[in-house]
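Participant: File structure_19.cif follows (mmCIF, C-alpha atoms, pLDDT in the B column; chains and numbers go by the auth columns):
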data_structure
#
loop_
_atom_site.group_PDB
_atom_site.id
_atom_site.type_symbol
_atom_site.label_atom_id
_atom_site.label_comp_id
_atom_site.label_asym_id
_atom_site.label_seq_id
_atom_site.Cartn_x
_atom_site.Cartn_y
_atom_site.Cartn_z
_atom_site.B_iso_or_equiv
_atom_site.auth_seq_id
_atom_site.auth_asym_id
ATOM 1 C CA MET A 1 -32.341 -7.425 -26.386 44.00 1 A
ATOM 2 C CA THR A 2 -28.696 -8.423 -26.517 45.00 2 A
ATOM 3 C CA ASP A 3 -26.338 -9.884 -23.962 47.00 3 A
ATOM 4 C CA ALA A 4 -23.376 -7.896 -25.295 49.00 4 A
ATOM 5 C CA SER A 5 -21.932 -5.559 -22.724 46.00 5 A
ATOM 6 C CA PRO A 6 -20.493 -2.206 -23.791 52.00 6 A
ATOM 7 C CA VAL A 7 -16.792 -2.187 -24.571 60.00 7 A
ATOM 8 C CA GLU A 8 -14.654 -0.163 -22.170 71.00 8 A
ATOM 9 C CA PRO A 9 -12.479 2.451 -23.936 77.00 9 A
ATOM 10 C CA THR A 10 -8.853 1.338 -24.121 82.00 10 A
ATOM 11 C CA PRO A 11 -6.165 3.584 -22.585 88.00 11 A
ATOM 12 C CA ILE A 12 -3.885 4.668 -25.437 90.00 12 A
ATOM 13 C CA ALA A 13 -0.762 6.830 -25.818 90.00 13 A
ATOM 14 C CA ILE A 14 2.292 7.301 -27.997 91.00 14 A
ATOM 15 C CA ASP A 15 5.705 7.031 -26.369 88.00 15 A
ATOM 16 C CA ARG A 16 7.512 9.585 -28.527 83.00 16 A
ATOM 17 C CA ALA A 17 10.951 8.697 -27.143 87.00 17 A
ATOM 18 C CA SER A 18 10.718 5.111 -28.370 90.00 18 A
ATOM 19 C CA GLY A 19 8.183 5.627 -31.174 89.00 19 A
ATOM 20 C CA ALA A 20 5.952 2.958 -29.651 93.00 20 A
ATOM 21 C CA LEU A 21 2.249 2.716 -28.933 92.00 21 A
ATOM 22 C CA ARG A 22 1.149 2.105 -25.349 90.00 22 A
ATOM 23 C CA LEU A 23 -2.207 0.392 -25.459 87.00 23 A
ATOM 24 C CA ALA A 24 -3.555 -0.498 -22.023 83.00 24 A
ATOM 25 C CA ASP A 25 -0.743 -2.652 -20.596 85.00 25 A
ATOM 26 C CA ARG A 26 0.958 -3.453 -23.928 89.00 26 A
ATOM 27 C CA THR A 27 3.757 -1.677 -25.805 92.00 27 A
ATOM 28 C CA ILE A 28 3.653 -2.019 -29.592 93.00 28 A
ATOM 29 C CA THR A 29 6.508 -1.042 -31.915 94.00 29 A
ATOM 30 C CA LEU A 30 5.456 1.257 -34.764 94.00 30 A
ATOM 31 C CA THR A 31 6.884 2.147 -38.152 94.00 31 A
ATOM 32 C CA GLY A 32 7.301 5.831 -39.029 93.00 32 A
ATOM 33 C CA THR A 33 4.096 5.806 -41.075 93.00 33 A
ATOM 34 C CA GLU A 34 2.156 4.102 -38.288 94.00 34 A
ATOM 35 C CA LEU A 35 3.529 6.595 -35.768 94.00 35 A
ATOM 36 C CA ARG A 36 2.416 9.593 -37.854 95.00 36 A
ATOM 37 C CA LEU A 37 -1.011 8.042 -38.482 96.00 37 A
ATOM 38 C CA LEU A 38 -1.650 7.238 -34.827 94.00 38 A
ATOM 39 C CA SER A 39 -0.288 10.612 -33.671 94.00 39 A
ATOM 40 C CA LEU A 40 -2.985 12.349 -35.705 96.00 40 A
ATOM 41 C CA LEU A 41 -5.733 9.985 -34.571 95.00 41 A
ATOM 42 C CA ILE A 42 -4.734 10.320 -30.904 93.00 42 A
ATOM 43 C CA GLU A 43 -4.667 14.097 -31.282 94.00 43 A
ATOM 44 C CA ARG A 44 -8.237 13.847 -32.610 95.00 44 A
ATOM 45 C CA LEU A 45 -9.263 10.942 -30.341 94.00 45 A
ATOM 46 C CA GLY A 46 -12.918 10.043 -30.810 94.00 46 A
ATOM 47 C CA ASP A 47 -13.355 12.247 -33.894 96.00 47 A
ATOM 48 C CA ALA A 48 -13.861 10.964 -37.421 97.00 48 A
ATOM 49 C CA VAL A 49 -10.797 12.039 -39.426 98.00 49 A
ATOM 50 C CA SER A 50 -11.143 12.178 -43.209 96.00 50 A
ATOM 51 C CA HIS A 51 -9.072 10.086 -45.598 94.00 51 A
ATOM 52 C CA GLN A 52 -7.753 13.314 -47.142 93.00 52 A
ATOM 53 C CA GLU A 53 -6.681 14.819 -43.817 95.00 53 A
ATOM 54 C CA ILE A 54 -4.900 11.592 -42.848 96.00 54 A
ATOM 55 C CA ARG A 55 -3.123 11.351 -46.228 94.00 55 A
ATOM 56 C CA ASP A 56 -1.983 14.984 -46.018 94.00 56 A
ATOM 57 C CA TYR A 57 -0.697 14.523 -42.459 95.00 57 A
ATOM 58 C CA VAL A 58 1.014 11.158 -42.986 95.00 58 A
ATOM 59 C CA TRP A 59 2.396 11.485 -46.525 94.00 59 A
ATOM 60 C CA GLY A 60 2.251 15.241 -47.200 91.00 60 A
ATOM 61 C CA GLU A 61 -0.084 17.447 -49.199 88.00 61 A
ATOM 62 C CA ASN A 62 1.734 16.806 -52.475 87.00 62 A
ATOM 63 C CA TRP A 63 1.411 13.022 -52.237 83.00 63 A
ATOM 64 C CA ALA A 64 -0.369 11.819 -55.379 80.00 64 A
ATOM 65 C CA GLY A 65 -1.218 8.280 -54.238 77.00 65 A
ATOM 66 C CA GLY A 66 -4.729 7.098 -53.554 77.00 66 A
ATOM 67 C CA ASP A 67 -6.335 5.475 -50.543 84.00 67 A
ATOM 68 C CA GLU A 68 -4.643 2.075 -50.967 89.00 68 A
ATOM 69 C CA ALA A 69 -1.546 3.036 -48.938 90.00 69 A
ATOM 70 C CA LEU A 70 -3.821 4.319 -46.184 93.00 70 A
ATOM 71 C CA ARG A 71 -5.865 1.099 -46.152 93.00 71 A
ATOM 72 C CA VAL A 72 -2.660 -0.964 -45.966 93.00 72 A
ATOM 73 C CA ALA A 73 -1.330 1.145 -43.064 94.00 73 A
ATOM 74 C CA VAL A 74 -4.621 0.829 -41.172 95.00 74 A
ATOM 75 C CA ASN A 75 -4.777 -2.931 -41.751 95.00 75 A
ATOM 76 C CA ARG A 76 -1.201 -3.363 -40.497 95.00 76 A
ATOM 77 C CA LEU A 77 -2.037 -1.396 -37.361 94.00 77 A
ATOM 78 C CA ARG A 78 -5.167 -3.433 -36.764 95.00 78 A
ATOM 79 C CA LYS A 79 -3.111 -6.629 -37.012 95.00 79 A
ATOM 80 C CA LYS A 80 -0.893 -5.298 -34.238 93.00 80 A
ATOM 81 C CA PHE A 81 -3.592 -4.471 -31.692 92.00 81 A
ATOM 82 C CA GLU A 82 -7.147 -5.422 -32.628 92.00 82 A
ATOM 83 C CA ASN A 83 -8.449 -8.730 -31.249 90.00 83 A
ATOM 84 C CA ASN A 84 -10.694 -9.154 -34.296 91.00 84 A
ATOM 85 C CA GLN A 85 -9.622 -7.213 -37.390 88.00 85 A
ATOM 86 C CA ARG A 86 -12.969 -7.810 -39.084 91.00 86 A
ATOM 87 C CA ARG A 87 -14.786 -6.125 -36.185 94.00 87 A
ATOM 88 C CA PRO A 88 -12.337 -3.511 -34.915 94.00 88 A
ATOM 89 C CA GLN A 89 -13.061 -1.877 -31.564 93.00 89 A
ATOM 90 C CA ILE A 90 -10.208 0.643 -31.415 93.00 90 A
ATOM 91 C CA LEU A 91 -9.351 1.812 -34.957 95.00 91 A
ATOM 92 C CA VAL A 92 -12.716 1.915 -36.689 96.00 92 A
ATOM 93 C CA SER A 93 -13.802 2.888 -40.192 96.00 93 A
ATOM 94 C CA VAL A 94 -16.295 5.697 -40.597 97.00 94 A
ATOM 95 C CA ARG A 95 -18.056 5.014 -43.869 95.00 95 A
ATOM 96 C CA GLY A 96 -17.701 7.787 -46.407 94.00 96 A
ATOM 97 C CA ILE A 97 -15.388 9.802 -44.153 96.00 97 A
ATOM 98 C CA GLY A 98 -12.281 8.038 -42.878 96.00 98 A
ATOM 99 C CA TYR A 99 -11.256 6.566 -39.526 97.00 99 A
ATOM 100 C CA ARG A 100 -11.857 7.096 -35.822 96.00 100 A
ATOM 101 C CA LEU A 101 -9.666 6.021 -32.902 95.00 101 A
ATOM 102 C CA ILE A 102 -11.664 4.969 -29.859 93.00 102 A
ATOM 103 C CA GLY A 103 -10.014 5.012 -26.460 89.00 103 A
ATOM 104 C CA THR A 104 -8.957 7.227 -23.588 89.00 104 A
ATOM 105 C CA ARG A 105 -5.731 9.199 -23.333 84.00 105 A
ATOM 106 C CA GLN A 106 -3.220 7.409 -21.165 78.00 106 A
ATOM 107 C CA ALA A 107 -0.829 9.530 -19.119 67.00 107 A
#
Reformat the file's structure so that it appears as C-alpha cells.

Facilitator:
Amino acid sequence: MTDASPVEPTPIAIDRASGALRLADRTITLTGTELRLLSLLIERLGDAVSHQEIRDYVWGENWAGGDEALRVAVNRLRKKFENNQRRPQILVSVRGIGYRLIGTRQA
C-alpha cells in the first residue's frame, strides 16, 4: 500500500500564434524543434509515439542523424516544464518505443 495519490493530468496546448506552450497556468517559450516535437505529441496525446515517427516529423524523412538529437530535444523540454526530470510526469519515455505526452487538451 502506498500513500502516493494519482497525478492529475496537466492541461496542455500550443499557442501557434506565439509558438509557445501553455501548460496549466504557465506559458513556456519553445524553439522551432521543440514546437514541432510537442505539436506531434499533442496531436497524439496519450499515445506512445515511436522514435522514428518523431524524427521523421521533426527533422524530415531524409534526416540521417540518430536518436541523440531527439534525446537532447526531449531533455531540454523536460527542463522547461517537468518538476523532476528524473521522474517525468508529463513527457514520459516508453521503453523500446519512444515517448508519450500525458495531459489533457486545453482550449

Participant: When the PyMOL selection byres ((chain A and resi 32-49) around 12) is applied to the file above, which residues end up in the set, as a PyMOL selection string?

Facilitator: chain A and resi 9-23+28-31+50-60+69-78+80+89-106

Participant: So how many Å separate atom CA of A:Asn83 and atom CA of A:Gly65, to one decimal?

Facilitator: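 Here the two named atoms are 29.5 Å from each other.
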
Participant: May I ask which of the residues A:Gln85, A:Lys79, A:Asn62, A:Ala24 is the closest one to A:Glu8, counting only C-alpha atoms?

Facilitator: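 When distances to A:Glu8 are compared using only C-alpha atoms, the smallest one comes from A:Ala24.
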
Participant: May I ask which of the residues A:Trp63, A:Phe81, A:Glu68, A:Arg86 is the closest one to A:Thr27, counting all atoms listed in the file?

Facilitator: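 When distances to A:Thr27 are compared using all atoms listed in the file, the smallest one comes from A:Phe81.
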